[in-house]
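What follows is the content of final_0.csv, which has CSV, C-alpha atoms:
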chain,number,residue,atom,x,y,z
A,1,ARG,CA,78.7,138.1,136.3
A,2,ALA,CA,80.9,140.6,134.6
A,3,VAL,CA,79.1,143.5,132.9
A,4,LEU,CA,80.9,145.4,130.2
A,5,PRO,CA,80.2,147.2,126.9
A,6,GLY,CA,79.3,145.1,123.9
A,7,LEU,CA,82.3,144.1,121.8
A,8,ILE,CA,83.0,145.9,118.5
A,9,ASN,CA,84.0,144.0,115.4
A,10,GLY,CA,85.7,146.6,113.3
A,11,HIS,CA,86.0,144.6,110.1
A,12,THR,CA,84.2,141.6,108.7
A,13,HIS,CA,82.3,140.2,105.7
A,14,THR,CA,79.3,138.7,107.4
A,15,ALA,CA,77.8,136.7,104.5
A,16,MET,CA,81.1,134.8,104.1
A,17,THR,CA,80.1,132.6,107.0
A,18,LEU,CA,78.7,130.4,104.2
A,19,PHE,CA,82.3,130.0,102.9
A,20,ARG,CA,83.6,129.0,106.4
A,21,GLY,CA,86.3,126.4,106.0
A,22,MET,CA,85.9,126.3,102.2
A,23,VAL,CA,89.6,126.4,101.6
A,24,ASP,CA,92.5,127.0,104.0
A,25,ASP,CA,96.3,127.3,104.2
A,26,LEU,CA,96.9,129.6,101.2
A,27,ASP,CA,98.4,133.0,100.7
A,28,LEU,CA,96.0,136.0,100.3
A,29,MET,CA,96.2,136.4,96.5
A,30,THR,CA,95.9,132.7,95.8
A,31,TRP,CA,93.1,132.4,98.2
A,32,LEU,CA,91.3,135.4,96.7
A,33,ASN,CA,91.9,134.8,93.0
A,34,GLN,CA,91.6,131.0,92.7
A,35,TYR,CA,88.8,130.3,95.2
A,36,VAL,CA,87.0,133.3,96.8
A,37,PHE,CA,86.4,135.5,93.8
A,38,PRO,CA,85.2,132.6,91.5
A,39,MET,CA,82.9,131.1,94.2
A,40,GLU,CA,81.5,134.6,94.9
A,41,GLY,CA,80.8,135.0,91.3
A,42,ARG,CA,78.9,131.7,91.2
A,43,PHE,CA,77.0,131.7,94.5
A,44,VAL,CA,76.6,135.2,95.9
A,45,THR,CA,73.0,136.3,95.4
A,46,PRO,CA,70.6,138.4,97.6
A,47,GLU,CA,69.4,135.2,99.2
A,48,PHE,CA,72.9,134.0,99.9
A,49,VAL,CA,73.8,137.3,101.6
A,50,SER,CA,70.7,137.2,103.7
A,51,THR,CA,71.3,133.7,105.0
A,52,GLY,CA,75.1,134.2,105.5
A,53,THR,CA,74.5,137.5,107.3
A,54,GLU,CA,71.9,136.1,109.6
A,55,LEU,CA,74.2,133.2,110.5
A,56,ALA,CA,76.9,135.8,111.3
A,57,CYS,CA,74.6,137.9,113.4
A,58,TRP,CA,73.5,134.8,115.4
A,59,GLU,CA,77.2,134.0,116.0
A,60,MET,CA,78.0,137.5,117.0
A,61,ILE,CA,75.1,137.9,119.4
A,62,ARG,CA,76.1,134.6,121.0
A,63,GLY,CA,79.6,135.9,121.5
A,64,GLY,CA,78.8,139.3,122.8
A,65,THR,CA,79.5,141.4,119.7
A,66,THR,CA,77.0,144.2,119.6
A,67,THR,CA,78.4,146.4,116.7
A,68,PHE,CA,80.2,145.4,113.5
A,69,VAL,CA,81.6,147.0,110.4
A,70,ASP,CA,80.6,145.0,107.3
A,71,MET,CA,81.8,145.1,103.7
A,72,TYR,CA,80.0,142.9,101.3
A,73,PHE,CA,77.8,142.7,98.3
A,74,TYR,CA,74.0,143.4,98.4
A,75,PRO,CA,74.2,145.8,101.4
A,76,ASP,CA,70.4,146.3,101.4
A,77,GLN,CA,70.0,142.6,102.4
A,78,ILE,CA,72.7,143.0,105.1
A,79,ALA,CA,70.9,146.1,106.5
A,80,ALA,CA,67.6,144.3,106.5
A,81,VAL,CA,69.0,141.4,108.5
A,82,VAL,CA,70.6,143.9,111.0
A,83,ASP,CA,67.3,145.6,111.3
A,84,ARG,CA,65.6,142.4,112.2
A,85,CYS,CA,68.2,140.8,114.5
A,86,GLY,CA,68.8,144.0,116.5
A,87,LEU,CA,72.5,144.5,116.2
A,88,ARG,CA,74.3,147.8,115.4
A,89,ALA,CA,76.3,148.0,112.2
A,90,VAL,CA,78.2,150.1,109.8
A,91,VAL,CA,77.1,148.6,106.5
A,92,ALA,CA,79.7,149.5,103.8
A,93,ALA,CA,78.7,149.1,100.1
A,94,PRO,CA,81.6,147.7,98.1
A,95,HIS,CA,82.8,149.0,94.7
A,96,ILE,CA,85.6,147.6,92.7
A,97,ASP,CA,87.0,148.0,89.2
A,98,TYR,CA,86.3,144.4,88.2
A,99,PRO,CA,83.1,142.4,87.7
A,100,SER,CA,81.5,141.4,91.0
A,101,PRO,CA,78.3,139.8,92.2
A,102,GLY,CA,75.4,141.9,90.7
A,103,PHE,CA,77.7,144.3,88.8
A,104,LYS,CA,79.7,144.5,85.5
A,105,GLY,CA,82.4,146.7,87.0
A,106,TRP,CA,83.2,150.0,88.5
A,107,ASP,CA,80.5,152.2,87.0
A,108,ASP,CA,77.4,150.2,88.2
A,109,SER,CA,79.0,149.2,91.6
A,110,PHE,CA,79.9,152.7,92.5
A,111,ALA,CA,76.5,154.1,91.4
A,112,ALA,CA,74.9,151.5,93.6
A,113,ALA,CA,77.1,152.4,96.5
A,114,ARG,CA,76.2,156.1,96.2
A,115,ASP,CA,72.5,155.2,96.0
A,116,PHE,CA,72.8,152.9,99.1
A,117,VAL,CA,74.5,155.6,101.2
A,118,ASN,CA,71.9,158.2,100.1
A,119,ARG,CA,69.0,156.0,100.9
A,120,TRP,CA,70.2,154.8,104.4
A,121,GLN,CA,72.1,157.8,105.7
A,122,GLY,CA,70.4,159.1,108.9
A,123,LYS,CA,67.4,156.8,108.4
A,124,HIS,CA,68.0,154.1,111.0
A,125,PRO,CA,69.2,154.4,114.6
A,126,ARG,CA,71.4,151.3,114.4
A,127,ILE,CA,72.5,151.2,110.8
A,128,THR,CA,75.2,153.5,109.4
A,129,PRO,CA,75.8,153.3,105.6
A,130,ALA,CA,79.4,153.7,104.3
A,131,PHE,CA,81.4,153.5,101.1
A,132,ALA,CA,83.7,150.5,100.6
A,133,PRO,CA,86.3,150.8,97.8
A,134,HIS,CA,87.8,147.3,98.1
A,135,ALA,CA,91.5,148.1,98.2
A,136,PRO,CA,94.1,150.2,96.5
A,137,TYR,CA,95.2,147.2,94.3
A,138,THR,CA,91.6,146.6,93.0
A,139,VAL,CA,90.5,150.3,92.6
A,140,SER,CA,92.3,152.7,90.4
A,141,PRO,CA,93.5,156.1,91.6
A,142,ASP,CA,90.8,158.0,89.6
A,143,HIS,CA,88.1,155.8,91.1
A,144,LEU,CA,89.4,156.2,94.7
A,145,GLN,CA,89.2,159.9,94.1
A,146,ALA,CA,85.6,159.5,93.0
A,147,THR,CA,84.9,157.7,96.3
A,148,VAL,CA,86.6,160.6,98.2
A,149,GLU,CA,84.4,163.1,96.4
A,150,ALA,CA,81.2,161.2,97.1
A,151,ALA,CA,82.0,160.5,100.7
A,152,GLY,CA,83.1,164.1,101.2
A,153,GLN,CA,79.8,165.4,99.9
A,154,SER,CA,77.7,163.1,102.0
A,155,GLY,CA,79.9,163.0,105.1
A,156,ALA,CA,79.8,159.3,105.0
A,157,LEU,CA,82.3,156.9,106.4
A,158,ILE,CA,84.7,154.9,104.2
A,159,SER,CA,85.8,151.4,105.0
A,160,MET,CA,88.6,149.7,102.9
A,161,HIS,CA,91.3,147.1,103.0
A,162,LEU,CA,94.7,148.9,103.3
A,163,ALA,CA,98.3,147.7,103.6
A,164,GLU,CA,97.2,144.2,104.2
A,165,ALA,CA,99.9,142.0,102.6
A,166,PRO,CA,103.3,142.1,101.0
A,167,ALA,CA,101.8,141.5,97.5
A,168,GLU,CA,99.7,144.7,97.9
A,169,THR,CA,102.8,146.7,98.9
A,170,ARG,CA,104.8,145.4,95.9
A,171,HIS,CA,101.9,146.2,93.6
A,172,ILE,CA,101.5,149.8,94.8
A,173,MET,CA,105.3,150.3,94.9
A,174,GLU,CA,105.8,149.0,91.3
A,175,ASN,CA,102.9,151.0,89.9
A,176,TYR,CA,102.9,154.2,92.0
A,177,LYS,CA,106.4,154.3,93.6
A,178,THR,CA,105.0,154.7,97.2
A,179,SER,CA,103.5,152.8,100.0
A,180,PRO,CA,99.7,151.9,100.1
A,181,VAL,CA,99.2,154.3,103.0
A,182,LYS,CA,100.9,157.2,101.2
A,183,HIS,CA,99.2,156.3,98.0
A,184,VAL,CA,95.6,156.6,99.3
A,185,ALA,CA,96.5,159.6,101.6
A,186,GLY,CA,97.7,161.4,98.5
A,187,LEU,CA,94.4,160.8,96.8
A,188,GLY,CA,92.5,162.5,99.7
A,189,MET,CA,91.3,159.3,101.5
A,190,TYR,CA,93.0,160.4,104.7
A,191,ASP,CA,91.1,163.7,104.7
A,192,LEU,CA,87.9,161.8,105.4
A,193,GLN,CA,86.4,159.4,108.0
A,194,LEU,CA,88.4,156.3,107.0
A,195,ILE,CA,88.2,152.9,108.7
A,196,ALA,CA,91.3,151.1,107.4
A,197,ALA,CA,91.3,147.4,107.8
A,198,HIS,CA,94.4,145.3,108.4
A,199,MET,CA,97.2,148.0,108.3
A,200,VAL,CA,100.0,145.4,108.4
A,201,GLN,CA,102.6,146.7,106.0
A,202,LEU,CA,103.4,150.1,107.5
A,203,ASP,CA,106.7,152.0,108.1
A,204,GLU,CA,107.2,154.8,110.6
A,205,GLU,CA,106.1,157.5,108.2
A,206,ASP,CA,102.9,155.6,107.4
A,207,ILE,CA,102.1,155.4,111.2
A,208,ALA,CA,102.7,159.1,111.7
A,209,ILE,CA,100.5,160.0,108.8
A,210,THR,CA,97.8,157.7,110.1
A,211,ALA,CA,97.9,159.1,113.6
A,212,LYS,CA,97.8,162.7,112.4
A,213,ALA,CA,94.8,162.1,110.1
A,214,GLY,CA,92.8,160.3,112.8
A,215,VAL,CA,92.3,157.3,110.7
A,216,GLY,CA,90.9,154.2,112.4
A,217,ALA,CA,93.1,151.2,112.0
A,218,ILE,CA,91.5,147.7,112.4
A,219,HIS,CA,93.8,144.9,113.5
A,220,ASN,CA,92.7,141.4,112.3
A,221,PRO,CA,95.3,139.2,114.1
A,222,THR,CA,93.8,135.7,113.3
A,223,SER,CA,93.1,136.4,109.7
A,224,ASN,CA,96.5,138.0,109.1
A,225,MET,CA,98.3,135.1,110.8
A,226,LYS,CA,96.3,132.5,108.9
A,227,LEU,CA,96.9,134.1,105.5
A,228,GLY,CA,100.6,134.8,106.3
A,229,ALA,CA,100.0,138.5,105.7
A,230,GLY,CA,102.3,139.6,108.6
A,231,ILE,CA,102.0,141.3,112.0
A,232,SER,CA,100.4,144.8,112.2
A,233,PRO,CA,102.6,147.2,114.2
A,234,VAL,CA,99.9,147.8,116.8
A,235,PRO,CA,102.1,148.8,119.8
A,236,ALA,CA,103.8,151.4,117.6
A,237,MET,CA,100.5,152.7,116.3
A,238,LEU,CA,99.1,153.0,119.8
A,239,ALA,CA,102.2,154.8,121.0
A,240,ALA,CA,101.8,157.3,118.1
A,241,GLY,CA,98.1,157.9,119.0
A,242,VAL,CA,96.4,155.9,116.3
A,243,ASN,CA,92.9,154.7,117.2
A,244,VAL,CA,93.2,150.9,116.8
A,245,GLY,CA,90.3,148.5,116.8
A,246,LEU,CA,89.9,144.8,116.4
A,247,GLY,CA,88.2,142.8,113.7
A,248,THR,CA,87.7,139.1,112.8
A,249,ASP,CA,87.7,139.6,109.0
A,250,GLY,CA,85.3,137.2,107.2
A,251,ALA,CA,84.7,133.7,108.4
A,252,ALA,CA,86.3,132.4,105.2
A,253,SER,CA,89.7,133.5,106.4
A,254,ASN,CA,89.4,133.3,110.2
A,255,ASN,CA,87.2,130.9,110.4
A,256,ASP,CA,84.9,132.3,113.1
A,257,LEU,CA,83.6,135.7,114.3
A,258,ASP,CA,84.7,135.3,117.9
A,259,MET,CA,86.0,138.6,119.2
A,260,TRP,CA,87.3,137.1,122.4
A,261,GLU,CA,89.6,135.1,120.3
A,262,GLU,CA,90.8,138.3,118.6
A,263,VAL,CA,91.4,140.0,121.9
A,264,ARG,CA,93.5,137.1,123.2
A,265,MET,CA,95.4,136.7,119.9
A,266,ALA,CA,96.3,140.4,119.8
A,267,ALA,CA,97.6,140.3,123.4
A,268,LEU,CA,99.7,137.2,122.8
A,269,LEU,CA,100.9,138.0,119.2
A,270,HIS,CA,102.5,141.3,120.1
A,271,LYS,CA,104.3,139.8,123.1
A,272,VAL,CA,105.9,137.1,121.0
A,273,ALA,CA,106.6,139.4,118.0
A,274,SER,CA,108.4,141.9,120.2
A,275,GLY,CA,109.9,139.6,122.8
A,276,ASP,CA,108.4,141.8,125.4
A,277,PRO,CA,105.8,140.2,127.7
A,278,THR,CA,104.6,143.7,128.7
A,279,ALA,CA,103.5,144.6,125.2
A,280,LEU,CA,99.8,145.1,124.8
A,281,PRO,CA,98.7,144.3,128.3
A,282,ALA,CA,95.3,142.8,129.1
A,283,LYS,CA,93.5,146.0,129.8
A,284,GLN,CA,94.8,147.6,126.6
A,285,ALA,CA,93.9,144.5,124.5
A,286,LEU,CA,90.4,144.6,125.8
A,287,SER,CA,90.1,148.3,125.0
A,288,LEU,CA,90.7,147.5,121.3
A,289,ALA,CA,87.4,145.7,121.2
A,290,THR,CA,85.5,148.3,123.3
A,291,ARG,CA,86.6,151.9,123.9
A,292,SER,CA,89.5,152.2,121.4
A,293,GLY,CA,87.5,150.1,118.9
A,294,ALA,CA,84.6,152.6,119.1
A,295,ALA,CA,87.0,155.5,118.4
A,296,ALA,CA,88.4,153.6,115.4
A,297,ILE,CA,85.0,153.4,113.8
A,298,ARG,CA,84.0,157.0,114.7
A,299,MET,CA,81.4,156.0,117.3
A,300,ASP,CA,83.3,156.8,120.5
A,301,GLY,CA,80.5,159.2,121.5
A,302,LYS,CA,77.9,156.4,121.4
A,303,ILE,CA,79.3,153.0,122.2
A,304,GLY,CA,82.3,151.3,123.8
A,305,GLN,CA,81.9,152.5,127.4
A,306,LEU,CA,79.4,152.0,130.2
A,307,LYS,CA,78.5,155.6,131.3
A,308,PRO,CA,75.5,157.9,131.2
A,309,GLY,CA,74.6,159.2,127.8
A,310,MET,CA,76.0,156.2,125.9
A,311,GLN,CA,73.9,153.7,124.0
A,312,ALA,CA,72.7,150.7,126.1
A,313,ASP,CA,74.9,148.2,124.3
A,314,LEU,CA,76.1,145.8,127.0
A,315,ILE,CA,76.8,142.2,127.8
A,316,GLN,CA,77.1,139.9,130.7
A,317,LEU,CA,79.6,137.0,131.2
A,318,ASP,CA,79.3,134.2,133.6
A,319,LEU,CA,82.2,134.2,136.1
A,320,GLY,CA,80.8,131.5,138.4
A,321,LYS,CA,81.7,128.2,136.6
A,322,THR,CA,84.1,125.9,138.3
A,323,ARG,CA,86.6,126.3,135.5
A,324,HIS,CA,86.7,130.0,136.2
A,325,GLN,CA,88.0,129.5,139.8
A,326,PRO,CA,90.0,131.0,141.4
A,327,LEU,CA,89.3,134.6,140.3
A,328,TYR,CA,91.9,137.2,141.3
A,329,ASP,CA,91.6,139.7,138.4
A,330,VAL,CA,88.5,140.1,136.2
A,331,THR,CA,90.4,141.7,133.3
A,332,SER,CA,92.9,138.9,133.3
A,333,HIS,CA,90.0,136.4,133.1
A,334,LEU,CA,88.3,138.3,130.3
A,335,VAL,CA,91.4,138.4,128.1
A,336,TYR,CA,93.3,135.2,128.9
A,337,MET,CA,90.6,132.8,130.1
A,338,LEU,CA,87.0,133.5,129.1
A,339,ASP,CA,85.5,132.9,125.7
A,340,ALA,CA,82.4,133.4,123.7
A,341,THR,CA,80.6,130.5,125.4
A,342,ASP,CA,80.7,132.5,128.7
A,343,VAL,CA,78.6,135.3,127.4
A,344,THR,CA,75.1,134.9,128.9
A,345,THR,CA,73.3,138.2,127.9
A,346,THR,CA,73.6,140.5,125.0
A,347,ILE,CA,71.7,143.8,124.9
A,348,VAL,CA,71.7,146.4,122.1
A,349,ALA,CA,70.0,149.8,122.4
A,350,GLY,CA,68.3,148.5,125.5
A,351,LYS,CA,66.8,145.5,123.8
A,352,VAL,CA,67.7,142.0,125.0
A,353,LEU,CA,68.9,139.9,122.0
A,354,MET,CA,70.2,137.0,124.1
A,355,GLU,CA,69.2,135.9,127.6
A,356,ASP,CA,70.6,132.9,129.4
A,357,ARG,CA,72.4,131.9,126.1
A,358,GLN,CA,69.2,131.9,124.1
A,359,VAL,CA,69.1,134.2,121.1
A,360,THR,CA,65.7,135.8,121.0
A,361,SER,CA,65.8,137.7,117.8
A,362,ILE,CA,66.7,134.9,115.3
A,363,ASN,CA,64.9,131.6,114.8
A,364,GLU,CA,67.8,129.1,115.0
A,365,ASN,CA,66.0,126.2,113.4
A,366,GLU,CA,64.9,128.1,110.4
A,367,LEU,CA,68.4,129.6,110.1
A,368,ARG,CA,70.1,126.1,110.2
A,369,ALA,CA,67.8,124.9,107.4
A,370,SER,CA,68.7,127.8,105.2
A,371,VAL,CA,72.4,127.4,105.9
A,372,ASN,CA,72.3,123.7,105.1
A,373,ALA,CA,70.5,124.3,101.8
A,374,ALA,CA,73.1,126.8,100.7
A,375,ALA,CA,76.1,124.7,101.9
A,376,SER,CA,75.0,121.6,100.0
A,377,GLU,CA,75.4,123.5,96.7
A,378,ILE,CA,78.7,125.1,97.7
A,379,ARG,CA,80.0,121.7,98.8
A,380,ALA,CA,79.3,120.1,95.5
A,381,ALA,CA,80.9,122.9,93.5
A,382,LEU,CA,83.9,123.0,95.8
A,383,ALA,CA,84.5,119.2,95.4
A,384,ALA,CA,84.4,119.6,91.6
A,385,GLN,CA,86.8,122.5,91.7
A,386,LYS,CA,89.3,120.7,93.9
A,387,GLN,CA,89.1,117.6,91.7
A,388,GLY,CA,89.9,119.7,88.7
A,389,ASP,CA,92.8,121.3,90.5
A,390,GLN,CA,94.2,117.9,91.4
A,391,ALA,CA,93.9,116.7,87.8
A,392,GLN,CA,96.0,119.7,86.6
Re-express the file's structure as structure tokens.
Amino acid sequence: RAVLPGLINGHTHTAMTLFRGMVDDLDLMTWLNQYVFPMEGRFVTPEFVSTGTELACWEMIRGGTTTFVDMYFYPDQIAAVVDRCGLRAVVAAPHIDYPSPGFKGWDDSFAAARDFVNRWQGKHPRITPAFAPHAPYTVSPDHLQATVEAAGQSGALISMHLAEAPAETRHIMENYKTSPVKHVAGLGMYDLQLIAAHMVQLDEEDIAITAKAGVGAIHNPTSNMKLGAGISPVPAMLAAGVNVGLGTDGAASNNDLDMWEEVRMAALLHKVASGDPTALPAKQALSLATRSGAAAIRMDGKIGQLKPGMQADLIQLDLGKTRHQPLYDVTSHLVYMLDATDVTTTIVAGKVLMEDRQVTSINENELRASVNAAASEIRAALAAQKQGDQAQ
């Protein structure tokens, strides 16, 4: 067996497991505006979020992820599932300028986010509440500054999408004559504990600003590749001293929550992007999901390493299968050969959540029944929508 710290998923939308495979092979804005936002408006309820989050937690426990940073609607339901299943999470409450599930727009979504942070902050050993302004293209400058003020007063984390795709960069440049990074930094976002997801469209100055501010950058290689968003300049960020972590993004754009896949994709992507086979070597790639990932989400004093004083979040992987032979270098196997099915044991805060591949904190049969019930409704609606699209 190999024993190592539990993996850290720095950016995801857990309940979107119920939209897994709903629609593929589209650019970000088409994917969001024509499919995701409309389907969310129709189906996302507290029950939907509970079921989707539980499915995600089951998948993450099975794959050796022990901590995740979530951004999705009905954060109280997400927190309740995290409490039951035993994982560790930063639960970020989203707020956006437009109507969203449960909200008419900015005023009520932002008020709910402040209330959520106030109610959960310091109340649970495994749950950290945070603010989640969606992105600089969906939240106005005045409203981003309101988030900055609220997070500054409470000392809470902020998680947001930033510099994700070319369309975002064009929007910010056209409207504010600057880059997404400089835009939010100028509004005070970089003065706080920011977890910035994606960080693809960056120039040298953006990277220097990010490093100086200590902002955590979450690399989502599979999602960014699938949506054609581009390649995050991870080697340059690491060289500048940026704390870089890894994330899966939601299962609607990935389509899984397998952090081993992200580690391998990151290691390979930056080799082919640079033409340098020494770029992001195996040990450094693995660190993005452990030690460096912990620093990116401001938990480097608690998780991400196996040493005295840290939380007992650890996993075991089977190295004894025939397909694992021969074994010369454990780190090489972990990054380039093993996968989520090789995780045998998952432990969070000293509690065993999976042993011998059996998840002990979630009833799988009940979960499957709930997922199938939700999926049948989504499947019918999706078929009708696609039929309408074809008719046009």
Task: Gap from CA of Leu202 in chain A to CA of Gln284 in chain A - Å, one decimal - done: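 Going from CA of Leu202 in chain A over to CA of Gln284 in chain A, I get 21.1 Å.
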- [ ] Counting all atoms listed in the file, select every polymer residue within 7 Å of (77.9, 144.1, 123.4) as defined in the file's coordinates, and provide the selection as a PyMOL selection string.
- [x] chain A and resi 5-7+64-66+313-315+346-348
Task: Distance of CA of Val244 in chain A from CA of Ala208 in chain A, expressed in Å to one decimal place - done: 13.5 Å
Task: Nearest to Pro46 in chain A, chosen from A:His171, A:Ile78, A:Met71, A:Met16, with only C-alpha atoms counted in the distances - done: A:Ile78
Open item on the list: For a test of reading the model, state the distance in Å between CA of Phe110 in chain A and CA of Arg42 in chain A, rounded to one decimal.
Closed with: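 Pair CA of Phe110 in chain A / CA of Arg42 in chain A returns 21.1 Å.
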TODO: Using all atoms listed in the file, pick whichever of A:Met189, A:Ala146, A:Ala165, A:Leu338 has the shortest atom-to-atom distance to Gln316 in chain A.
DONE: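 Of A:Met189, A:Ala146, A:Ala165, A:Leu338, the one nearest Gln316 in chain A is A:Leu338, counting all atoms listed in the file.
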Can you tell me, as a PDB file with C-alpha atoms, in the frame of the given file, what residues are no more than 9 Å from Glu261 in chain A when counting only C-alpha atoms, ignoring any on the same chain fewer than 2 positions away?
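Generated file (around_13.pdb):
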ATOM      1  CA  THR A 222      93.800 135.700 113.300  1.00  0.00           C
ATOM      2  CA  THR A 248      87.700 139.100 112.800  1.00  0.00           C
ATOM      3  CA  LEU A 257      83.600 135.700 114.300  1.00  0.00           C
ATOM      4  CA  ASP A 258      84.700 135.300 117.900  1.00  0.00           C
ATOM      5  CA  MET A 259      86.000 138.600 119.200  1.00  0.00           C
ATOM      6  CA  VAL A 263      91.400 140.000 121.900  1.00  0.00           C
ATOM      7  CA  ARG A 264      93.500 137.100 123.200  1.00  0.00           C
ATOM      8  CA  MET A 265      95.400 136.700 119.900  1.00  0.00           C
ATOM      9  CA  ALA A 266      96.300 140.400 119.800  1.00  0.00           C
ATOM     10  CA  VAL A 335      91.400 138.400 128.100  1.00  0.00           C
ATOM     11  CA  ASP A 339      85.500 132.900 125.700  1.00  0.00           C
ATOM     12  CA  ALA A 340      82.400 133.400 123.700  1.00  0.00           C
TER      13      ALA A 340
END
TODO: Considering only C-alpha atoms, return as a list in words whatever protein or nucleic-acid residues lie within 9 Å of His324 in chain A, sequence-local ones (same chain, fewer than 4 positions apart) excluded.
DONE: Asp318, Leu319, Gly320, His333, Met337 and Leu338 of chain A
Open item on the list: Need the shell around Thr53 in chain A: protein/DNA/RNA residues with any atom at most 10 Å away, counting only C-alpha atoms. Skip same-chain ones fewer than 5 positions apart. Format as a PyMOL selection string?
Closed with: chain A and resi 13-18+47-48+58-59+70+72+77-82
TODO: Would you please work out which residue, of A:Ala294, A:Met39, A:Leu4, A:Val184, is nearest to Ala384 in chain A when using only C-alpha atoms?
DONE: A:Met39
Task: Selected residue, from A:Asn372, A:Gln358, A:Ala217, A:Thr169, that lies nearest to Arg298 in chain A when counting only C-alpha atoms - done: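 Closest to Arg298 in chain A, using only C-alpha atoms: A:Ala217.
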Open item on the list: Within 10 Å of (97.2, 157.2, 109.8) in the file's own coordinates, which protein, DNA or RNA residues have an atom, counting all atoms listed in the file? List them as an MDAnalysis selection string.
Closed with: chainID A and resid 181:182 185 190 194 196 199 202 205:217 237 240:243
Task: Neighbour list for Gln121 in chain A as a list in words, cut-off 10 Å, only C-alpha atoms, skip fewer than 3 positions in-chain - done: Phe116, Val117, Asn118, His124, Pro125, Ile127, Thr128, Pro129, Ala130, Ser154, Gly155 and Ala156 of chain A
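Shortest separation to His143 in chain A among A:His95, A:Lys307, A:Arg170, A:Arg379 occurs at residue A:His95, atoms counted being only C-alpha atoms.
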Is there a way to complete range 75-91 of chain A with N, CA and C atoms and then write that out as a PDB file, in the frame of the given file?
ATOM      1  N   PRO A  75      74.290 145.183 100.031  1.00  0.00           N
ATOM      2  CA  PRO A  75      74.200 145.800 101.400  1.00  0.00           C
ATOM      3  C   PRO A  75      72.777 146.006 101.865  1.00  0.00           C
ATOM      4  N   ASP A  76      71.819 146.134 100.958  1.00  0.00           N
ATOM      5  CA  ASP A  76      70.400 146.300 101.400  1.00  0.00           C
ATOM      6  C   ASP A  76      69.969 145.033 102.154  1.00  0.00           C
ATOM      7  N   GLN A  77      70.400 143.865 101.679  1.00  0.00           N
ATOM      8  CA  GLN A  77      70.000 142.600 102.400  1.00  0.00           C
ATOM      9  C   GLN A  77      70.716 142.565 103.741  1.00  0.00           C
ATOM     10  N   ILE A  78      71.966 143.011 103.805  1.00  0.00           N
ATOM     11  CA  ILE A  78      72.700 143.000 105.100  1.00  0.00           C
ATOM     12  C   ILE A  78      71.953 143.954 106.069  1.00  0.00           C
ATOM     13  N   ALA A  79      71.592 145.135 105.598  1.00  0.00           N
ATOM     14  CA  ALA A  79      70.900 146.100 106.500  1.00  0.00           C
ATOM     15  C   ALA A  79      69.554 145.548 106.939  1.00  0.00           C
ATOM     16  N   ALA A  80      68.860 144.836 106.073  1.00  0.00           N
ATOM     17  CA  ALA A  80      67.600 144.300 106.500  1.00  0.00           C
ATOM     18  C   ALA A  80      67.731 143.242 107.575  1.00  0.00           C
ATOM     19  N   VAL A  81      68.786 142.423 107.492  1.00  0.00           N
ATOM     20  CA  VAL A  81      69.000 141.400 108.500  1.00  0.00           C
ATOM     21  C   VAL A  81      69.413 142.128 109.846  1.00  0.00           C
ATOM     22  N   VAL A  82      70.254 143.152 109.771  1.00  0.00           N
ATOM     23  CA  VAL A  82      70.600 143.900 111.000  1.00  0.00           C
ATOM     24  C   VAL A  82      69.406 144.522 111.622  1.00  0.00           C
ATOM     25  N   ASP A  83      68.528 145.066 110.806  1.00  0.00           N
ATOM     26  CA  ASP A  83      67.300 145.600 111.300  1.00  0.00           C
ATOM     27  C   ASP A  83      66.486 144.610 112.103  1.00  0.00           C
ATOM     28  N   ARG A  84      66.371 143.397 111.528  1.00  0.00           N
ATOM     29  CA  ARG A  84      65.600 142.400 112.200  1.00  0.00           C
ATOM     30  C   ARG A  84      66.213 141.793 113.420  1.00  0.00           C
ATOM     31  N   CYS A  85      67.521 141.573 113.379  1.00  0.00           N
ATOM     32  CA  CYS A  85      68.200 140.800 114.500  1.00  0.00           C
ATOM     33  C   CYS A  85      68.517 141.754 115.653  1.00  0.00           C
ATOM     34  N   GLY A  86      68.581 143.062 115.433  1.00  0.00           N
ATOM     35  CA  GLY A  86      68.800 144.000 116.500  1.00  0.00           C
ATOM     36  C   GLY A  86      70.174 144.469 116.791  1.00  0.00           C
ATOM     37  N   LEU A  87      71.159 144.022 116.023  1.00  0.00           N
ATOM     38  CA  LEU A  87      72.500 144.500 116.200  1.00  0.00           C
ATOM     39  C   LEU A  87      72.716 145.901 115.680  1.00  0.00           C
ATOM     40  N   ARG A  88      73.872 146.471 115.968  1.00  0.00           N
ATOM     41  CA  ARG A  88      74.300 147.800 115.400  1.00  0.00           C
ATOM     42  C   ARG A  88      75.367 147.540 114.407  1.00  0.00           C
ATOM     43  N   ALA A  89      75.323 148.273 113.277  1.00  0.00           N
ATOM     44  CA  ALA A  89      76.300 148.000 112.200  1.00  0.00           C
ATOM     45  C   ALA A  89      76.596 149.209 111.372  1.00  0.00           C
ATOM     46  N   VAL A  90      77.840 149.269 110.917  1.00  0.00           N
ATOM     47  CA  VAL A  90      78.200 150.100 109.800  1.00  0.00           C
ATOM     48  C   VAL A  90      78.190 149.192 108.576  1.00  0.00           C
ATOM     49  N   VAL A  91      77.284 149.453 107.649  1.00  0.00           N
ATOM     50  CA  VAL A  91      77.100 148.600 106.500  1.00  0.00           C
ATOM     51  C   VAL A  91      77.769 149.347 105.283  1.00  0.00           C
TER      52      VAL A  91
END
